[in-house]
Amino acid sequence: HLFYILCCTSSFLGCRSLRPMDLLFIQDEEEKTIVMKKESRCGGWIGCPFRLSVLSDGAYVGHVKENFTPYCSKCFECCFCCSFYHHVHVQAAENAPVTNRMDRDGGDPKYELKLHLCCCQGGNNNFCAATCFNHNGIYEIRDPTSGAVVGNFQKLFAPSTSNTGTACCRMLFAFDTFAIEFPRESTQIERLMLIAGIMQAEFQLFEQDQDG
C-alpha cells in the first residue's frame with residue numbers, strides 16, 4: 001500500500017525539531033486518511049519524552065513515545081554512546097473500541113526502535129552514516145521484552161549507478177532516504193506505526209538544523 005503526503009503543517013517556534021507538526025497521508029486504494037500528530041516536547045532527558053500519535057479516519061490506532069526508562073542508564077547511553085530508544089504502541093485489539101483520544105500511555109509496547117549514531121553500539125558502525133564516507137546507517141527494530149532484533153531500517157546514501165553526484169546533493173541538502181525491513185509477522189497497522197516511529201526519530205535526530 002502506498003501513502004502520499006498531501007500536506008504538512010508546522011508551527012515554527014524557534015525550536016525546529018521540537019515544533020509541533022501534523023502530517024496528513026492519503027491511502028488512495030482504500031480512501032483512508034492517516035494523520036500523524038507530533039507534539040511539541042523537549043525530550044526524555046528533561047522528563048518530557050517525544051511523542052507522535054497516529055489516527056486513521058479520526059480513530060486512534062497507536063502512538064510512538066521516546067523511551068527514557070530507566071532514566072540514568074538511558075541518559076548515559078544518550079550522552080556517551082549516542083543511542084536513542086523509541087517505543088511503538090499499537091491499539092490493543094482490532095475489535096477494541098477506539099476514540100480520537102491521544103493521552104493514553106497504558107499497555108506494553110509492540111516494538112522498540114534503537115538508533116545508535118556512533119561505532120560503539122550495535123552490530124553496525126553508524127558513524128557518519130548515510131554520507132559518502134559511510135553509505136548505510138543500520139538501526140534496529142527490537143522486541144521490547146526480550147531485546148531480540150526482529151527487523152531493521154536503514155538510512156542510505158544511495159548513489160545511483162550512473163551518477164554519484166545526485167546522492168551527494170541529497171546529502172548536502174538533508175534529503176533522507178530510508179529502507180525498512182519489517183518484522184515478518186507484522187500487520188499493516190503495525191507497519192504503519194513503525195513508519196511513524198521512524199518519522200519521530202527523523203525529526204529528533206536528523207532534522208535539528210532544518211527550518212522546513
# chains A, B, ... in the order shown; residues from 1 in each chain; ligands from 1
>>> residues_around(residues="Glu39 of chain A", least_positions_apart="3", cutoff="8 Å", atoms="only C-alpha atoms", output="PyMOL selection string")
chain A and resi 19-21+50-52
>>> residues_around(residues="Asp57 of chain A", least_positions_apart="5", cutoff="9 Å", atoms="only C-alpha atoms", output="compact mmCIF listing (two decimals) with N, CA and C atoms, in the first residue's frame")
# COMPACT_ATOMS: atom_id res chain seq x y z
N LYS A 32 -8.44 5.96 2.73
CA LYS A 32 -8.26 6.23 4.15
C LYS A 32 -7.38 7.45 4.34
N THR A 33 -7.65 8.19 5.40
CA THR A 33 -6.83 9.34 5.75
C THR A 33 -6.06 9.02 7.02
N ILE A 34 -4.74 9.12 6.93
CA ILE A 34 -3.86 8.86 8.07
C ILE A 34 -3.28 10.18 8.54
N VAL A 35 -3.38 10.46 9.82
CA VAL A 35 -2.81 11.69 10.39
C VAL A 35 -1.80 11.30 11.47
>>> atom_distance(atom1="atom CA of Ile198 of chain A", atom2="atom CA of Pro109 of chain A")
15.2 Å
>>> select_by_dssp(residues="segment 28-149 of chain A", states="alpha helix (DSSP H)", output="number ranges by chain")
A: 71-80
>>> closest_residue(among="A:Ser186, A:Asn126, A:Gln200, A:Asn67", to="Leu156 of chain A", atoms="only C-alpha atoms")
A:Asn126
>>> closest_residue(among="A:Glu31, A:Glu112, A:Glu140, A:Glu66", to="Ile180 of chain A", atoms="only C-alpha atoms")
A:Glu140
>>> atom_distance(atom1="atom CA of Thr145 of chain A", atom2="atom CA of Phe203 of chain A")
25.8 Å
>>> residues_around(residues="Ile141 of chain A", least_positions_apart="4", cutoff="8 Å", atoms="only C-alpha atoms", output="PyMOL selection string")
chain A and resi 111-114+149-153+183
>>> write_last_selection(atoms="N, CA and C atoms", output="mmCIF file, in the first residue's frame")
data_model
loop_
_atom_site.group_PDB
_atom_site.id
_atom_site.type_symbol
_atom_site.label_atom_id
_atom_site.label_comp_id
_atom_site.auth_asym_id
_atom_site.auth_seq_id
_atom_site.Cartn_x
_atom_site.Cartn_y
_atom_site.Cartn_z
ATOM 1 N N TYR A 111 6.827 -2.798 19.715
ATOM 2 C CA TYR A 111 8.201 -2.808 19.216
ATOM 3 C C TYR A 111 8.992 -1.698 19.886
ATOM 4 N N GLU A 112 10.299 -1.839 19.817
ATOM 5 C CA GLU A 112 11.205 -0.791 20.270
ATOM 6 C C GLU A 112 12.200 -0.494 19.145
ATOM 7 N N LEU A 113 12.378 0.788 18.846
ATOM 8 C CA LEU A 113 13.382 1.206 17.883
ATOM 9 C C LEU A 113 14.630 1.650 18.641
ATOM 10 N N LYS A 114 15.775 1.123 18.227
ATOM 11 C CA LYS A 114 17.044 1.556 18.810
ATOM 12 C C LYS A 114 17.893 2.173 17.716
ATOM 13 N N VAL A 149 16.404 -8.680 18.054
ATOM 14 C CA VAL A 149 16.235 -7.871 16.847
ATOM 15 C C VAL A 149 15.292 -8.605 15.898
ATOM 16 N N VAL A 150 14.177 -7.973 15.522
ATOM 17 C CA VAL A 150 13.170 -8.602 14.665
ATOM 18 C C VAL A 150 13.076 -7.930 13.298
ATOM 19 N N GLY A 151 13.796 -6.854 13.105
ATOM 20 C CA GLY A 151 13.813 -6.148 11.837
ATOM 21 C C GLY A 151 14.815 -5.016 11.920
ATOM 22 N N ASN A 152 14.907 -4.240 10.868
ATOM 23 C CA ASN A 152 15.799 -3.090 10.888
ATOM 24 C C ASN A 152 15.339 -2.063 9.865
ATOM 25 N N PHE A 153 15.879 -0.884 9.992
ATOM 26 C CA PHE A 153 15.692 0.112 8.943
ATOM 27 C C PHE A 153 17.027 0.804 8.705
ATOM 28 N N PRO A 183 9.332 -6.540 10.566
ATOM 29 C CA PRO A 183 9.219 -7.863 11.191
ATOM 30 C C PRO A 183 8.308 -8.766 10.372
#
>>> residues_around(residues="Ser56 of chain A", least_positions_apart="3", cutoff="12 Å", atoms="only C-alpha atoms", output="short mmCIF file (atom, residue, chain, number, x, y, z; two decimals) with C-alpha atoms, in the first residue's frame")
data_model
loop_
_atom_site.label_atom_id
_atom_site.label_comp_id
_atom_site.auth_asym_id
_atom_site.auth_seq_id
_atom_site.Cartn_x
_atom_site.Cartn_y
_atom_site.Cartn_z
CA LEU A 23 1.40 15.01 8.74
CA LEU A 24 -1.53 14.05 6.53
CA PHE A 25 -1.41 10.93 4.32
CA ILE A 26 -3.95 9.63 1.84
CA GLN A 27 -4.14 5.87 1.18
CA GLU A 30 -8.85 2.31 0.42
CA GLU A 31 -9.55 6.05 0.60
CA LYS A 32 -8.26 6.23 4.15
CA THR A 33 -6.83 9.34 5.75
CA ILE A 34 -3.86 8.86 8.07
CA VAL A 35 -2.81 11.69 10.39
CA MET A 36 0.42 11.69 12.39
CA LYS A 37 0.38 14.28 15.15
CA SER A 53 0.22 9.85 17.74
CA ALA A 59 -9.70 6.91 15.14
CA TYR A 60 -6.66 6.41 17.36
CA VAL A 61 -4.51 3.46 16.22
CA GLY A 62 -1.37 3.94 18.30
CA HIS A 63 1.49 6.19 19.26
CA GLN A 91 -4.03 -0.34 19.55
CA VAL A 98 -11.20 3.29 19.56
CA THR A 99 -11.51 7.02 20.04
CA ASN A 100 -9.55 10.00 18.91
CA ILE A 189 -1.21 -1.25 11.18
CA LEU A 192 2.28 1.98 9.77
CA MET A 193 3.25 2.53 13.39
#
>>> residues_around(residues="Ala201 of chain A", least_positions_apart="4", cutoff="12 Å", atoms="only C-alpha atoms", output="ChimeraX atom specification")
/A:17-18,38,43,49-52,64-67,83-88,112-117,139,153,155,178,194-197,205-208
>>> write_last_selection(atoms="N, CA and C atoms", output="mmCIF file, in the first residue's frame")
data_model
loop_
_atom_site.group_PDB
_atom_site.id
_atom_site.type_symbol
_atom_site.label_atom_id
_atom_site.label_comp_id
_atom_site.auth_asym_id
_atom_site.auth_seq_id
_atom_site.Cartn_x
_atom_site.Cartn_y
_atom_site.Cartn_z
ATOM 1 N N SER A 17 13.353 21.078 15.559
ATOM 2 C CA SER A 17 12.915 19.683 15.702
ATOM 3 C C SER A 17 11.914 19.496 16.834
ATOM 4 N N LEU A 18 11.756 20.498 17.716
ATOM 5 C CA LEU A 18 10.827 20.385 18.837
ATOM 6 C C LEU A 18 9.438 20.905 18.485
ATOM 7 N N LYS A 38 2.541 15.127 15.739
ATOM 8 C CA LYS A 38 3.756 15.263 16.549
ATOM 9 C C LYS A 38 3.568 16.409 17.531
ATOM 10 N N GLY A 43 12.003 16.445 25.124
ATOM 11 C CA GLY A 43 12.813 15.236 25.126
ATOM 12 C C GLY A 43 12.871 14.559 26.475
ATOM 13 N N PRO A 49 9.349 13.224 27.255
ATOM 14 C CA PRO A 49 9.740 12.424 26.093
ATOM 15 C C PRO A 49 8.953 12.771 24.837
ATOM 16 N N PHE A 50 9.629 12.658 23.701
ATOM 17 C CA PHE A 50 8.989 12.910 22.412
ATOM 18 C C PHE A 50 7.835 11.937 22.198
ATOM 19 N N ARG A 51 6.804 12.414 21.495
ATOM 20 C CA ARG A 51 5.619 11.586 21.281
ATOM 21 C C ARG A 51 4.961 11.947 19.949
ATOM 22 N N LEU A 52 4.535 10.922 19.248
ATOM 23 C CA LEU A 52 3.824 11.105 17.976
ATOM 24 C C LEU A 52 2.654 10.142 17.964
ATOM 25 N N VAL A 64 3.844 6.598 19.240
ATOM 26 C CA VAL A 64 5.269 6.332 19.446
ATOM 27 C C VAL A 64 5.755 7.270 20.533
ATOM 28 N N LYS A 65 6.497 6.727 21.494
ATOM 29 C CA LYS A 65 6.974 7.543 22.603
ATOM 30 C C LYS A 65 8.439 7.233 22.878
ATOM 31 N N GLU A 66 9.221 8.277 23.034
ATOM 32 C CA GLU A 66 10.635 8.099 23.364
ATOM 33 C C GLU A 66 10.754 7.347 24.687
ATOM 34 N N ASN A 67 11.633 6.362 24.738
ATOM 35 C CA ASN A 67 11.814 5.560 25.948
ATOM 36 C C ASN A 67 13.031 6.057 26.708
ATOM 37 N N SER A 83 23.028 6.701 21.739
ATOM 38 C CA SER A 83 21.960 5.731 21.493
ATOM 39 C C SER A 83 20.627 6.294 21.967
ATOM 40 N N PHE A 84 19.577 6.044 21.166
ATOM 41 C CA PHE A 84 18.253 6.589 21.441
ATOM 42 C C PHE A 84 17.213 5.491 21.231
ATOM 43 N N TYR A 85 16.156 5.523 22.046
ATOM 44 C CA TYR A 85 15.147 4.463 22.029
ATOM 45 C C TYR A 85 13.751 5.062 21.886
ATOM 46 N N HIS A 86 12.900 4.369 21.113
ATOM 47 C CA HIS A 86 11.509 4.779 20.959
ATOM 48 C C HIS A 86 10.623 3.541 21.058
ATOM 49 N N HIS A 87 9.560 3.631 21.846
ATOM 50 C CA HIS A 87 8.591 2.546 21.972
ATOM 51 C C HIS A 87 7.428 2.778 21.014
ATOM 52 N N VAL A 88 7.030 1.714 20.321
ATOM 53 C CA VAL A 88 5.915 1.755 19.383
ATOM 54 C C VAL A 88 4.728 1.052 20.019
ATOM 55 N N GLU A 112 10.299 -1.839 19.817
ATOM 56 C CA GLU A 112 11.205 -0.791 20.270
ATOM 57 C C GLU A 112 12.200 -0.494 19.145
ATOM 58 N N LEU A 113 12.378 0.788 18.846
ATOM 59 C CA LEU A 113 13.382 1.206 17.883
ATOM 60 C C LEU A 113 14.630 1.650 18.641
ATOM 61 N N LYS A 114 15.775 1.123 18.227
ATOM 62 C CA LYS A 114 17.044 1.556 18.810
ATOM 63 C C LYS A 114 17.893 2.173 17.716
ATOM 64 N N LEU A 115 18.282 3.421 17.946
ATOM 65 C CA LEU A 115 19.132 4.125 16.996
ATOM 66 C C LEU A 115 20.448 4.475 17.680
ATOM 67 N N HIS A 116 21.543 4.017 17.131
ATOM 68 C CA HIS A 116 22.863 4.400 17.626
ATOM 69 C C HIS A 116 23.599 5.101 16.505
ATOM 70 N N LEU A 117 24.218 6.224 16.834
ATOM 71 C CA LEU A 117 24.806 7.093 15.822
ATOM 72 C C LEU A 117 26.329 7.024 15.782
ATOM 73 N N TYR A 139 19.742 0.573 11.771
ATOM 74 C CA TYR A 139 19.160 0.725 13.096
ATOM 75 C C TYR A 139 18.185 -0.417 13.361
ATOM 76 N N PHE A 153 15.879 -0.884 9.992
ATOM 77 C CA PHE A 153 15.692 0.112 8.943
ATOM 78 C C PHE A 153 17.027 0.804 8.705
ATOM 79 N N LYS A 155 19.250 4.069 6.893
ATOM 80 C CA LYS A 155 19.345 5.407 6.313
ATOM 81 C C LYS A 155 20.458 5.336 5.277
ATOM 82 N N PHE A 178 15.235 6.182 3.355
ATOM 83 C CA PHE A 178 15.176 5.063 4.286
ATOM 84 C C PHE A 178 14.706 3.800 3.565
ATOM 85 N N LEU A 194 5.403 1.543 12.768
ATOM 86 C CA LEU A 194 6.862 1.554 12.650
ATOM 87 C C LEU A 194 7.332 2.714 11.775
ATOM 88 N N ILE A 195 6.587 3.001 10.709
ATOM 89 C CA ILE A 195 6.909 4.168 9.889
ATOM 90 C C ILE A 195 6.785 5.441 10.719
ATOM 91 N N ALA A 196 5.764 5.505 11.575
ATOM 92 C CA ALA A 196 5.597 6.660 12.458
ATOM 93 C C ALA A 196 6.787 6.784 13.407
ATOM 94 N N GLY A 197 7.271 5.639 13.902
ATOM 95 C CA GLY A 197 8.441 5.674 14.776
ATOM 96 C C GLY A 197 9.668 6.202 14.068
ATOM 97 N N LEU A 205 16.522 13.372 15.451
ATOM 98 C CA LEU A 205 17.960 13.214 15.280
ATOM 99 C C LEU A 205 18.519 13.829 14.008
ATOM 100 N N PHE A 206 17.716 13.927 12.965
ATOM 101 C CA PHE A 206 18.275 14.302 11.669
ATOM 102 C C PHE A 206 17.717 15.610 11.115
ATOM 103 N N GLU A 207 16.768 16.253 11.826
ATOM 104 C CA GLU A 207 16.179 17.491 11.321
ATOM 105 C C GLU A 207 16.427 18.661 12.250
ATOM 106 N N GLN A 208 17.404 18.572 13.135
ATOM 107 C CA GLN A 208 17.575 19.590 14.162
ATOM 108 C C GLN A 208 17.973 20.938 13.589
#
